[in-house]
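Engineer: Sharing entry17.cif below, mmCIF, C-alpha atoms:
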```cif
data_start
loop_
_atom_site.label_atom_id
_atom_site.label_comp_id
_atom_site.auth_asym_id
_atom_site.auth_seq_id
_atom_site.Cartn_x
_atom_site.Cartn_y
_atom_site.Cartn_z
CA MET A 1 88.88 71.49 101.33
CA ALA A 2 91.78 71.06 103.70
CA GLY A 3 93.82 73.29 101.39
CA ILE A 4 91.21 76.05 101.52
CA ASN A 5 91.04 75.89 105.32
CA GLN A 6 94.80 76.08 105.53
CA ARG A 7 94.77 79.11 103.21
CA GLU A 8 92.09 80.82 105.31
CA ARG A 9 94.14 80.25 108.42
CA ASP A 10 97.24 81.67 106.73
CA ASN A 11 95.66 84.69 105.06
CA GLY A 12 92.68 85.25 107.34
CA GLU A 13 89.50 86.89 106.09
CA THR A 14 90.02 88.57 102.72
CA GLY A 15 88.17 90.80 100.28
CA TYR A 16 86.01 93.88 100.54
CA ASN A 17 82.90 93.61 98.40
CA TRP A 18 80.51 96.37 97.47
CA LEU A 19 77.67 96.73 100.01
CA SER A 20 79.10 93.94 102.14
CA PHE A 21 76.63 93.21 104.90
CA ALA A 22 76.83 91.09 108.02
CA GLY A 23 73.48 91.22 109.79
CA GLY A 24 74.10 89.57 113.11
CA ASP A 25 71.54 88.41 115.66
CA SER A 26 70.58 91.90 116.85
CA TRP A 27 69.73 93.05 113.35
CA TYR A 28 67.49 90.06 112.64
CA MET A 29 65.70 90.60 115.94
CA ARG A 30 64.92 94.21 114.99
CA PHE A 31 63.73 93.04 111.60
CA VAL A 32 61.29 90.63 113.29
CA VAL A 33 60.07 93.44 115.60
CA ILE A 34 59.46 95.74 112.59
CA PHE A 35 57.64 92.96 110.77
CA LEU A 36 55.42 92.15 113.75
CA GLY A 37 54.72 95.83 114.52
CA VAL A 38 53.71 96.58 110.94
CA ALA A 39 51.60 93.40 110.78
CA VAL A 40 49.71 94.28 113.97
CA GLY A 41 49.11 97.85 112.77
CA LEU A 42 47.84 96.71 109.38
CA VAL A 43 45.59 93.94 110.74
CA PHE A 44 43.98 96.39 113.16
CA TYR A 45 43.60 98.96 110.36
CA ILE A 46 41.82 96.45 108.11
CA TRP A 47 39.59 95.21 110.94
CA TYR A 48 38.71 98.77 112.03
CA THR A 49 37.86 100.05 108.54
CA GLN A 50 35.49 97.10 108.06
CA HIS A 51 33.72 97.40 111.43
CA SER A 52 33.52 101.14 112.02
CA ASN A 53 31.91 104.10 110.27
CA ASP A 54 34.24 106.69 111.81
CA VAL A 55 37.28 106.23 109.62
CA SER A 56 39.20 109.46 110.09
CA PRO A 57 42.40 110.71 111.76
CA ASP A 58 40.38 112.11 114.67
CA SER A 59 38.61 108.85 115.43
CA ILE A 60 39.55 106.67 118.40
CA ALA A 61 41.67 104.44 116.16
CA GLY A 62 43.20 107.52 114.53
CA TYR A 63 44.24 108.94 117.88
CA SER A 64 45.61 105.56 118.92
CA TYR A 65 47.74 105.39 115.81
CA ALA A 66 48.88 108.99 116.35
CA ILE A 67 49.90 108.39 119.96
CA ILE A 68 51.68 105.10 119.24
CA GLY A 69 53.44 106.54 116.17
CA THR A 70 54.56 109.65 118.04
CA LEU A 71 55.88 107.50 120.90
CA PHE A 72 57.85 105.36 118.48
CA LEU A 73 59.35 108.43 116.80
CA LEU A 74 60.23 109.99 120.14
CA MET A 75 61.93 106.77 121.22
CA ALA A 76 63.81 106.66 117.92
CA ALA A 77 65.00 110.23 118.37
CA ILE A 78 65.72 110.31 122.07
CA LEU A 79 67.09 106.86 122.97
CA TYR A 80 69.87 106.84 120.38
CA SER A 81 70.87 110.46 121.04
CA LEU A 82 71.00 109.82 124.79
CA LYS A 83 72.96 106.62 124.36
CA ARG A 84 75.55 108.37 122.21
CA ARG A 85 76.03 111.17 124.68
CA SER A 86 75.83 109.00 127.78
CA HIS A 87 78.88 108.93 130.07
CA ARG A 88 77.72 105.85 131.92
CA LYS A 89 79.61 102.60 131.63
CA LYS A 90 79.34 101.35 128.06
CA ILE A 91 79.82 97.99 126.39
CA VAL A 92 81.46 97.47 123.00
CA GLY A 93 78.72 97.04 120.40
CA GLN A 94 76.02 98.68 122.52
CA LEU A 95 75.82 101.72 120.28
CA HIS A 96 75.31 99.52 117.24
CA LYS A 97 72.33 97.88 118.94
CA SER A 98 70.96 101.33 119.80
CA LEU A 99 71.32 102.35 116.17
CA ASN A 100 69.36 99.28 115.09
CA TRP A 101 66.61 100.16 117.59
CA HIS A 102 66.67 103.73 116.27
CA ILE A 103 65.97 102.43 112.75
CA CYS A 104 63.35 100.00 114.04
CA PHE A 105 61.40 102.66 115.99
CA GLY A 106 61.76 105.15 113.13
CA VAL A 107 60.19 102.77 110.61
CA LEU A 108 57.42 101.73 113.02
CA GLY A 109 56.66 105.35 113.88
CA LEU A 110 56.38 106.27 110.22
CA VAL A 111 54.06 103.31 109.48
CA PHE A 112 51.75 104.08 112.42
CA LEU A 113 51.52 107.78 111.59
CA PHE A 114 50.83 106.89 107.98
CA LEU A 115 47.95 104.69 109.19
CA HIS A 116 46.82 107.57 111.43
CA SER A 117 46.13 109.64 108.33
CA PHE A 118 43.48 107.12 107.11
CA GLY A 119 44.10 108.24 103.57
CA ASN A 120 43.45 111.93 104.26
CA PHE A 121 46.15 113.88 102.52
CA ASN A 122 44.56 117.31 102.42
CA PRO A 123 47.05 120.16 102.48
CA ARG A 124 46.89 120.68 106.23
CA THR A 125 49.39 120.64 109.07
CA GLY A 126 49.16 116.86 109.57
CA THR A 127 49.95 116.14 105.93
CA TYR A 128 53.01 118.40 106.04
CA ALA A 129 54.18 116.66 109.22
CA LEU A 130 53.67 113.28 107.54
CA TYR A 131 55.65 114.40 104.49
CA GLY A 132 58.41 115.54 106.83
CA MET A 133 58.44 112.12 108.51
CA ILE A 134 58.52 110.32 105.18
CA ALA A 135 61.45 112.49 104.08
CA LEU A 136 63.19 111.82 107.39
CA ALA A 137 62.77 108.04 107.15
CA VAL A 138 63.84 108.00 103.50
CA SER A 139 66.92 110.11 104.30
CA GLY A 140 67.78 107.63 107.05
CA MET A 141 67.47 104.70 104.66
CA ILE A 142 69.59 106.45 102.03
CA GLY A 143 72.08 107.29 104.78
CA ARG A 144 72.41 103.63 105.73
CA PHE A 145 72.91 102.75 102.08
CA LEU A 146 75.58 105.45 101.76
CA ASP A 147 77.26 104.13 104.90
CA ARG A 148 77.81 100.86 103.06
CA LEU A 149 78.66 102.23 99.64
CA VAL A 150 80.76 105.37 100.24
CA PRO A 151 83.41 103.87 102.57
CA ARG A 152 84.08 101.24 99.90
CA MET A 153 84.53 104.06 97.36
CA ILE A 154 86.85 105.92 99.75
CA THR A 155 88.89 102.73 100.16
CA GLY A 156 89.23 102.49 96.38
CA GLU A 157 90.59 106.03 96.21
CA VAL A 158 92.98 105.49 99.14
CA HIS A 159 94.20 102.34 97.41
CA LYS A 160 95.20 104.54 94.47
CA ALA A 161 96.88 107.13 96.70
CA LEU A 162 99.07 104.65 98.60
CA THR A 163 101.86 102.44 97.34
CA VAL A 164 101.87 98.67 97.87
CA MET A 165 103.85 99.21 101.06
CA GLY A 166 101.40 101.88 102.19
CA ASP A 167 103.61 104.88 101.59
CA ASP A 168 102.51 108.18 100.14
CA ARG A 169 102.37 107.69 96.38
CA ILE A 170 102.60 111.42 95.65
CA GLU A 171 105.88 111.57 97.50
CA THR A 172 107.22 108.52 95.68
CA ILE A 173 106.25 109.86 92.25
CA SER A 174 107.63 113.31 93.09
CA GLN A 175 110.96 111.78 94.03
CA LYS A 176 111.10 109.82 90.76
CA LEU A 177 110.14 112.93 88.82
CA GLN A 178 112.81 114.96 90.53
CA ALA A 179 115.38 112.26 89.77
CA ILE A 180 114.39 112.30 86.08
CA VAL A 181 114.63 116.08 85.87
CA VAL A 182 118.00 116.15 87.64
CA HIS A 183 119.36 113.33 85.48
CA ASN A 184 118.29 114.93 82.20
CA THR A 185 119.42 118.38 83.24
CA GLN A 186 122.83 116.95 83.98
CA ASP A 187 122.84 115.34 80.54
CA LEU A 188 122.08 118.65 78.87
CA HIS A 189 124.81 120.39 80.82
CA SER A 190 127.30 117.70 79.88
CA PHE A 191 127.43 119.02 76.30
CA ALA A 192 130.34 121.37 76.82
CA VAL A 193 130.69 124.31 74.48
CA VAL A 194 134.06 124.14 72.76
CA PRO A 195 134.90 127.38 70.99
CA ASP A 196 136.04 126.69 67.45
CA ALA A 197 138.46 128.71 65.42
CA LYS A 198 135.78 130.71 63.63
CA SER A 199 134.22 131.96 66.81
CA ARG A 200 137.62 132.73 68.27
CA ASP A 201 138.34 134.88 65.21
CA ALA A 202 135.03 136.63 65.58
CA SER A 203 135.62 137.47 69.17
CA SER A 204 139.10 138.66 68.46
CA SER A 205 137.79 140.94 65.70
CA LEU A 206 135.23 142.26 68.11
CA VAL A 207 137.91 142.95 70.61
CA SER A 208 139.97 144.84 68.07
CA LEU A 209 137.02 146.93 66.93
CA SER A 210 135.44 147.62 70.24
CA GLY A 211 138.68 148.41 72.03
CA PRO A 212 137.70 150.72 74.85
CA VAL A 213 134.18 149.34 75.06
CA SER A 214 135.34 146.06 76.47
CA SER A 215 138.81 144.89 77.16
CA ASP A 216 137.99 141.27 78.03
CA PHE A 217 135.66 139.10 75.89
CA SER A 218 136.41 135.82 77.58
CA PHE A 219 132.83 135.73 78.92
CA ILE A 220 131.39 135.42 75.42
CA HIS A 221 131.58 131.66 75.44
CA LYS A 222 130.28 131.35 78.95
CA ASP A 223 127.37 133.74 78.78
CA GLN A 224 126.66 134.08 75.14
CA ALA A 225 123.32 135.84 75.25
CA LEU A 226 123.39 139.58 74.59
CA GLN A 227 126.44 140.39 76.64
CA THR A 228 128.12 142.44 73.92
CA PRO A 229 127.05 146.00 73.17
CA TRP A 230 124.14 146.05 70.72
CA ASP A 231 125.78 148.26 68.12
CA LEU A 232 128.82 146.05 67.44
CA ALA A 233 126.86 143.95 64.93
CA TYR A 234 126.73 146.93 62.58
CA ILE A 235 130.43 147.53 62.78
CA SER A 236 131.61 144.05 61.85
CA LEU A 237 130.51 142.01 58.86
CA GLU A 238 131.68 138.89 60.60
CA ALA A 239 129.16 136.62 62.23
CA THR A 240 128.18 137.76 65.69
CA PRO A 241 128.76 135.48 68.68
CA GLN A 242 125.01 134.86 68.82
CA GLU A 243 125.00 133.71 65.20
CA LEU A 244 128.03 131.57 65.76
CA SER A 245 126.52 129.98 68.84
CA LEU A 246 123.76 128.46 66.68
CA GLU A 247 126.43 126.17 65.33
CA ALA A 248 127.32 124.99 68.81
CA ASN A 249 126.81 121.34 69.69
CA HIS A 250 124.04 121.78 72.19
CA TYR A 251 121.84 123.64 69.69
CA ARG A 252 122.02 120.80 67.18
CA PHE A 253 119.79 118.72 69.43
CA VAL A 254 116.86 121.09 69.10
CA PRO A 255 114.49 119.35 66.69
CA ASP A 256 112.07 120.81 64.19
CA ARG A 257 108.34 120.86 64.86
CA LYS A 258 107.60 117.57 63.12
CA SER A 259 110.23 115.67 64.99
CA GLU A 260 109.32 113.17 67.71
CA LEU A 261 111.58 115.11 69.97
CA ALA A 262 109.37 118.18 69.61
CA ARG A 263 106.56 116.69 71.70
CA PRO A 264 106.36 117.89 75.32
CA GLY A 265 108.64 116.08 77.69
CA ALA A 266 110.64 114.33 74.94
CA LEU A 267 113.86 115.63 76.36
CA MET A 268 112.77 114.34 79.78
CA PRO A 269 111.80 110.70 79.09
CA GLY A 270 109.31 109.36 81.62
CA ALA A 271 108.52 112.76 83.08
CA GLN A 272 105.16 113.18 81.34
CA GLU A 273 103.96 109.75 82.49
CA HIS A 274 104.88 110.55 86.05
CA ILE A 275 103.14 113.92 85.87
CA SER A 276 99.97 112.18 84.63
CA GLU A 277 100.27 109.65 87.45
CA LEU A 278 100.65 112.49 89.92
CA GLN A 279 97.50 114.14 88.60
CA GLU A 280 95.57 110.85 88.92
CA VAL A 281 96.59 110.51 92.57
CA GLU A 282 95.61 114.11 93.26
CA GLN A 283 92.21 113.51 91.66
CA ALA A 284 91.78 110.36 93.77
CA MET A 285 92.49 112.38 96.91
CA GLN A 286 89.99 115.03 95.88
CA ARG A 287 87.35 112.34 95.37
CA GLU A 288 88.22 110.86 98.76
CA LEU A 289 87.67 114.24 100.39
CA PHE A 290 84.36 114.64 98.56
CA TYR A 291 83.12 111.20 99.69
CA ARG A 292 84.06 111.99 103.27
CA TYR A 293 82.04 115.18 103.07
CA VAL A 294 79.09 113.19 101.69
CA ILE A 295 79.15 110.92 104.78
CA ARG A 296 79.49 113.82 107.17
CA TYR A 297 76.92 116.15 105.64
CA TRP A 298 74.31 113.46 105.06
CA ARG A 299 74.20 113.03 108.85
CA LYS A 300 73.75 116.76 109.31
CA PHE A 301 71.01 116.73 106.67
CA HIS A 302 69.24 113.90 108.50
CA ILE A 303 69.40 115.81 111.80
CA LEU A 304 68.13 118.94 110.05
CA LEU A 305 65.19 116.99 108.63
CA ALA A 306 64.48 115.59 112.11
CA LEU A 307 64.30 119.12 113.53
CA LEU A 308 62.08 120.24 110.65
CA THR A 309 59.77 117.27 111.18
CA LEU A 310 59.65 117.99 114.90
CA GLY A 311 58.61 121.56 114.13
CA LEU A 312 55.91 120.41 111.71
CA THR A 313 54.65 117.84 114.24
CA ILE A 314 54.42 120.48 116.98
CA TRP A 315 52.53 122.71 114.55
CA HIS A 316 50.14 119.84 113.83
CA LEU A 317 49.69 119.07 117.55
CA VAL A 318 48.87 122.71 118.27
CA TYR A 319 46.38 122.68 115.39
CA ALA A 320 44.80 119.42 116.60
CA GLY A 321 44.72 120.73 120.18
CA GLN A 322 42.81 123.82 119.06
CA LEU A 323 40.18 121.53 117.52
CA LEU A 324 40.04 119.01 120.31
CA LEU A 325 40.21 121.07 123.47
CA PRO A 326 36.89 122.95 122.99
CA VAL A 327 35.13 119.65 122.28
CA LEU A 328 36.60 117.98 125.35
CA LEU A 329 35.92 120.97 127.60
CA HIS A 330 32.26 121.22 126.59
CA ARG A 331 31.50 117.57 127.24
CA MET B 1 99.58 113.15 103.74
CA LEU B 2 97.27 114.21 106.46
CA LYS B 3 95.26 117.08 105.11
CA SER B 4 92.37 119.04 106.42
CA GLY B 5 89.30 120.14 104.55
CA PHE B 6 87.77 123.54 104.28
CA LYS B 7 87.23 124.10 107.98
CA SER B 8 89.79 124.48 110.68
CA GLY B 9 89.64 122.89 114.10
CA ALA B 10 90.21 119.33 115.24
CA SER B 11 86.57 118.34 115.52
CA SER B 12 85.21 119.91 112.33
CA ALA B 13 88.02 119.16 109.87
CA VAL B 14 87.62 116.24 107.49
CA MET B 15 90.84 114.22 107.54
CA LEU B 16 92.22 112.28 104.64
CA HIS B 17 93.93 108.91 105.00
CA LYS B 18 97.30 108.31 106.63
CA THR B 19 100.31 106.39 105.38
CA VAL B 20 101.43 103.11 106.90
CA PRO B 21 104.34 104.64 108.85
CA GLN B 22 101.89 107.13 110.38
CA VAL B 23 99.39 104.35 111.15
CA ALA B 24 102.17 102.28 112.74
CA GLN B 25 103.15 105.25 114.85
CA GLU B 26 99.56 105.73 116.02
CA LEU B 27 99.16 102.03 116.80
CA HIS B 28 102.33 102.20 118.84
CA ALA B 29 100.94 105.19 120.73
CA CYS B 30 97.58 103.50 121.47
CA ILE B 31 97.14 102.93 125.21
CA GLY B 32 94.38 100.34 124.72
CA CYS B 33 91.73 102.16 126.73
CA ASN B 34 88.95 100.92 124.41
CA GLU B 35 87.25 104.35 124.24
CA CYS B 36 87.22 104.33 120.42
CA LEU B 37 85.38 100.99 120.30
CA LEU B 38 82.89 102.12 122.93
CA ALA B 39 82.06 105.21 120.85
CA CYS B 40 81.77 103.29 117.59
CA PRO B 41 78.25 102.77 116.19
CA ALA B 42 79.49 100.21 113.64
CA VAL B 43 81.20 97.63 115.81
CA THR B 44 78.94 94.73 116.72
CA GLY B 45 80.86 93.35 119.69
CA SER B 46 83.09 90.32 120.23
CA ILE B 47 86.20 92.33 119.43
CA THR B 48 88.97 93.69 121.62
CA ILE B 49 91.33 96.57 121.07
CA ASP B 50 94.39 94.32 121.39
CA VAL B 51 93.26 92.04 118.59
CA LEU B 52 92.30 95.01 116.45
CA ASN B 53 95.67 96.70 116.96
CA ARG B 54 97.54 93.47 116.25
CA GLU B 55 95.69 92.78 113.00
CA THR B 56 95.50 96.32 111.66
CA LEU B 57 98.98 96.72 110.27
CA SER B 58 99.84 93.30 108.85
CA GLY B 59 99.24 89.59 109.14
CA PRO B 60 96.03 87.59 108.80
CA VAL B 61 92.73 89.27 109.64
CA SER B 62 90.24 87.36 111.79
CA ILE B 63 86.55 87.25 110.87
CA PRO B 64 85.28 89.67 113.59
CA VAL B 65 87.96 92.23 112.70
CA ALA B 66 87.23 91.84 108.99
CA ARG B 67 83.51 92.35 109.60
CA PHE B 68 84.25 95.42 111.66
CA ALA B 69 86.55 96.78 108.93
CA ARG B 70 83.80 96.36 106.34
CA ALA B 71 81.15 97.82 108.64
CA CYS B 72 83.19 100.90 109.60
CA TYR B 73 81.76 103.89 107.75
CA GLN B 74 84.44 106.41 108.63
CA CYS B 75 82.14 108.63 110.67
CA ALA B 76 85.08 109.59 112.94
CA ALA B 77 83.02 109.08 116.11
CA CYS B 78 86.08 107.28 117.51
CA VAL B 79 88.39 110.27 117.20
CA ALA B 80 86.94 112.64 119.80
CA PRO B 81 86.88 110.19 122.77
CA CYS B 82 90.52 109.10 122.31
CA PRO B 83 92.46 110.43 125.32
CA VAL B 84 95.73 110.55 123.37
CA GLY B 85 94.28 112.12 120.21
CA LEU B 86 94.72 109.19 117.82
CA HIS B 87 92.81 108.62 114.60
CA ARG B 88 91.28 105.16 114.75
CA ASP B 89 89.42 105.94 111.52
CA ALA B 90 92.76 106.27 109.70
CA MET B 91 93.90 102.96 111.13
CA MET B 92 90.65 101.34 110.01
CA MET B 93 91.13 102.82 106.55
CA TRP B 94 94.47 101.04 106.17
CA LEU B 95 92.77 97.82 107.29
CA LYS B 96 90.09 98.40 104.65
CA VAL B 97 92.76 98.94 101.98
CA ARG B 98 94.43 95.70 103.04
CA MET B 99 91.12 93.86 102.78
CA LEU B 100 90.47 95.38 99.37
CA ARG B 101 93.92 94.44 98.07
CA SER B 102 93.74 90.93 99.50
CA GLY B 103 90.52 90.26 97.65
CA TRP B 104 91.87 91.19 94.24
CA GLY B 105 93.79 88.01 93.68
CA GLU B 106 90.73 85.79 94.02
#
```
Write out the structure in this file as structure tokens.
Structural biologist:
Amino acid sequence: MAGINQRERDNGETGYNWLSFAGGDSWYMRFVVIFLGVAVGLVFYIWYTQHSNDVSPDSIAGYSYAIIGTLFLLMAAILYSLKRRSHRKKIVGQLHKSLNWHICFGVLGLVFLFLHSFGNFNPRTGTYALYGMIALAVSGMIGRFLDRLVPRMITGEVHKALTVMGDDRIETISQKLQAIVVHNTQDLHSFAVVPDAKSRDASSSLVSLSGPVSSDFSFIHKDQALQTPWDLAYISLEATPQELSLEANHYRFVPDRKSELARPGALMPGAQEHISELQEVEQAMQRELFYRYVIRYWRKFHILLALLTLGLTIWHLVYAGQLLLPVLLHR
Amino acid sequence: MLKSGFKSGASSAVMLHKTVPQVAQELHACIGCNECLLACPAVTGSITIDVLNRETLSGPVSIPVARFARACYQCAACVAPCPVGLHRDAMMMWLKVRMLRSGWGE
């Protein structure tokens, strides 16, 4: 035990598990508030349905649920937004508490508005508003789940893209790859072309035959590809410089198709592995970018749903007002 | 290593991670004003910017900092309020990678 404590002191807190969660006191308090709020709403719902004949959304209990639910949703929407944009003196951790209250009021608002429906799910304005609220609350829950899961996935991808020392792995691999290419290119160049007697004879015969065409054929061994006039091959029966060059040392290393050396990158040992590694890192970075977009755009989607739900709720309130106002005015 | 996404502009671009030399440079440039922590919706309190800066790059990680590192969801809310334009989210990402790597040997 003493050994473990010593290790913890030396290394500190370690590990990063999937969906790691540390609730804290504030979170548990919100959980208790949600539990109590839902319990009170449900108990009243059960009591009311057993003791009243008017079980509908436009009953006294229905209106009560509607007002309380709307207030909860307004608090969920407004308090957190105001707190985020507030320029007043803040405390570290205050925004986290506001976020917990935002979730708490959102869930309570949804539950109370669900109870407000009293099981009436006819295709009317209220039902659409309720569906919007359900979608909004579900998107918030999924968002919280993504907030736990996706950063862990991003960390996994970044772990692949960085070296042990935290340097850019692409840069490191590129440098290694460049070193391999340079090294092997130097090796290939090191096979010097030594003109043999046969080729010297051929070039001398070409010189004698071509005469005025070219007075100096010393470049034949340096730049052997198609430097001589094309028609000289028909004049001499001797092997052309191009034919002779096939006997040169550096051409003898070119393998046939079945040879192991014929596979891609065989003449550059290690290059293919590094290229594959490079591609893996690039893919990891692409996934990282994608995950970051998921986090960002899920928030935007949640806000969009909130605006849609607000619109549907206003539509429902206007509809309910049209029904209620004449009744209230004629009393 | 720092790359931007499809959009241009400091506020709208999605940034990728930074390397340790870049993170070290940013930590060195931090003036300790605490604005990033005040704007963070993930931090639960009982943490100071000095401790966070000290434990980000290397050395043992205390429990509050480790909890914060795990709770951080890379929303980049900390970037805009920084008066010197630093990326606290990139620093937190390196801390996350350290936590991830430290847990592998267990």
Engineer: Show me which bits of chain A are within 8 Å of chain B, counting only C-alpha atoms, as number ranges by chain.
Structural biologist: A: 9-17, 20-22, 24, 84, 90-97, 99, 147-148, 150-151, 155-156, 158-159, 162, 165-168, 285, 288-289, 292-293, 295-296
Engineer: Quick one, how far is CA of Gly311 in chain A from CA of Ala129 in chain A?
Structural biologist: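 We find that CA of Gly311 in chain A and CA of Ala129 in chain A lie 8.2 Å from each other.
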Engineer: For Ile103 in chain A, list every protein, DNA or RNA residue within 9 Å, evaluated using all atoms listed in the file, and leave out those in the same chain fewer than 5 positions away; present the list as a VMD selection string.
Structural biologist: chain A and resid 30 76 98 108 137 140 to 141
Engineer: Residues proximal to (110.9, 109.9, 89.1) were defined as those with any atom within 12 Å of that point in the file's coordinates, counting all atoms listed in the file. Which are they, as a PyMOL selection string?
Structural biologist: chain A and resi 169-184+268-275+277-278
Engineer: What is the CA of Cys33 in chain B to CA of Asp89 in chain B distance in Å?
Structural biologist: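 Here the two named atoms are 15.8 Å from each other.
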Engineer: Have a look at CA of Gly321 in chain A and CA of Tyr63 in chain A and let me know their distance in Å, one decimal.
Structural biologist: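 The value is 12.0 Å.
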Engineer: Show me, as a list of chain:residue names, the residues that have an atom within 10 Å of Ile34 in chain A when counting only C-alpha atoms, minus same-chain residues fewer than 2 positions from it.
Structural biologist: A:Tyr28, A:Met29, A:Arg30, A:Phe31, A:Val32, A:Leu36, A:Gly37, A:Val38, A:Ala39, A:Val40, A:Trp101, A:Ile103, A:Cys104, A:Phe105, A:Gly106, A:Val107, A:Leu108, A:Val111
Engineer: Restricting the calculation to all atoms listed in the file, which member of A:Trp18, A:Tyr297, A:Phe118, A:Phe72 is positioned closest to Asp54 in chain A?
Structural biologist: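 With all atoms listed in the file as the atom set, the closest residue is A:Phe118.
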Engineer: What lies within 8 Å of Ala66 in chain A using all atoms listed in the file, ignoring chain neighbours under 6 positions off, as a PyMOL selection string?
Structural biologist: chain A and resi 112-113+116
Engineer: Name the residues captured by the PyMOL selection byres ((chain B and resi 53) around 9) when it is applied to the shown file; answer as number ranges by chain.
Structural biologist: B: 27-28, 30, 32, 48-52, 54-57, 91
Engineer: Which one is closest to Leu82 in chain A: A:Ile314, A:Asn120, A:His102, A:Gln283? Count all atoms listed in the file.
Structural biologist: A:His102
Engineer: Any idea what's packed within 10 Å of Val84 in chain B, counting all atoms listed in the file, ignoring anything in its chain fewer than 4 positions away? Could you give it as a list of chain:residue names?
Structural biologist: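 The contact residues come out as B:Glu26, B:Ala29, B:Cys30, B:Ile31, B:Cys33, B:Val79, B:Ala80.
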Engineer: Taking the partial coordinates given, rebuild range 77-92 of chain A to contain N, CA and C atoms; return it as a PDB file, in the frame of the given file.
Structural biologist:
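Dumped everything to selection.pdb:
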```pdb
ATOM      1  N   ALA A  77      64.167 109.019 118.308  1.00  0.00           N
ATOM      2  CA  ALA A  77      65.000 110.230 118.370  1.00  0.00           C
ATOM      3  C   ALA A  77      65.780 110.322 119.668  1.00  0.00           C
ATOM      4  N   ILE A  78      65.109 110.026 120.764  1.00  0.00           N
ATOM      5  CA  ILE A  78      65.720 110.310 122.070  1.00  0.00           C
ATOM      6  C   ILE A  78      66.686 109.206 122.526  1.00  0.00           C
ATOM      7  N   LEU A  79      66.270 107.952 122.409  1.00  0.00           N
ATOM      8  CA  LEU A  79      67.090 106.860 122.970  1.00  0.00           C
ATOM      9  C   LEU A  79      68.493 106.822 122.368  1.00  0.00           C
ATOM     10  N   TYR A  80      68.560 106.918 121.033  1.00  0.00           N
ATOM     11  CA  TYR A  80      69.870 106.840 120.380  1.00  0.00           C
ATOM     12  C   TYR A  80      70.737 108.059 120.727  1.00  0.00           C
ATOM     13  N   SER A  81      70.105 109.237 120.724  1.00  0.00           N
ATOM     14  CA  SER A  81      70.870 110.460 121.040  1.00  0.00           C
ATOM     15  C   SER A  81      71.411 110.392 122.472  1.00  0.00           C
ATOM     16  N   LEU A  82      70.557 109.925 123.398  1.00  0.00           N
ATOM     17  CA  LEU A  82      71.000 109.820 124.790  1.00  0.00           C
ATOM     18  C   LEU A  82      72.121 108.797 124.945  1.00  0.00           C
ATOM     19  N   LYS A  83      71.959 107.687 124.265  1.00  0.00           N
ATOM     20  CA  LYS A  83      72.960 106.620 124.360  1.00  0.00           C
ATOM     21  C   LYS A  83      74.317 107.086 123.843  1.00  0.00           C
ATOM     22  N   ARG A  84      74.283 107.866 122.777  1.00  0.00           N
ATOM     23  CA  ARG A  84      75.550 108.370 122.210  1.00  0.00           C
ATOM     24  C   ARG A  84      76.249 109.326 123.151  1.00  0.00           C
ATOM     25  N   ARG A  85      75.441 110.137 123.825  1.00  0.00           N
ATOM     26  CA  ARG A  85      76.030 111.170 124.680  1.00  0.00           C
ATOM     27  C   ARG A  85      76.213 110.704 126.127  1.00  0.00           C
ATOM     28  N   SER A  86      75.776 109.492 126.406  1.00  0.00           N
ATOM     29  CA  SER A  86      75.830 109.000 127.780  1.00  0.00           C
ATOM     30  C   SER A  86      77.273 108.778 128.233  1.00  0.00           C
ATOM     31  N   HIS A  87      77.545 109.151 129.492  1.00  0.00           N
ATOM     32  CA  HIS A  87      78.880 108.930 130.070  1.00  0.00           C
ATOM     33  C   HIS A  87      78.888 107.739 131.014  1.00  0.00           C
ATOM     34  N   ARG A  88      77.771 107.031 131.054  1.00  0.00           N
ATOM     35  CA  ARG A  88      77.720 105.850 131.920  1.00  0.00           C
ATOM     36  C   ARG A  88      78.574 104.744 131.304  1.00  0.00           C
ATOM     37  N   LYS A  89      78.772 103.704 132.087  1.00  0.00           N
ATOM     38  CA  LYS A  89      79.610 102.600 131.630  1.00  0.00           C
ATOM     39  C   LYS A  89      79.008 101.967 130.369  1.00  0.00           C
ATOM     40  N   LYS A  90      79.827 101.881 129.332  1.00  0.00           N
ATOM     41  CA  LYS A  90      79.340 101.350 128.060  1.00  0.00           C
ATOM     42  C   LYS A  90      79.939  99.980 127.792  1.00  0.00           C
ATOM     43  N   ILE A  91      79.315  99.304 126.838  1.00  0.00           N
ATOM     44  CA  ILE A  91      79.820  97.990 126.390  1.00  0.00           C
ATOM     45  C   ILE A  91      80.095  98.112 124.892  1.00  0.00           C
ATOM     46  N   VAL A  92      81.140  97.443 124.432  1.00  0.00           N
ATOM     47  CA  VAL A  92      81.460  97.470 123.000  1.00  0.00           C
ATOM     48  C   VAL A  92      80.309  96.837 122.220  1.00  0.00           C
TER      49      VAL A  92
END
```
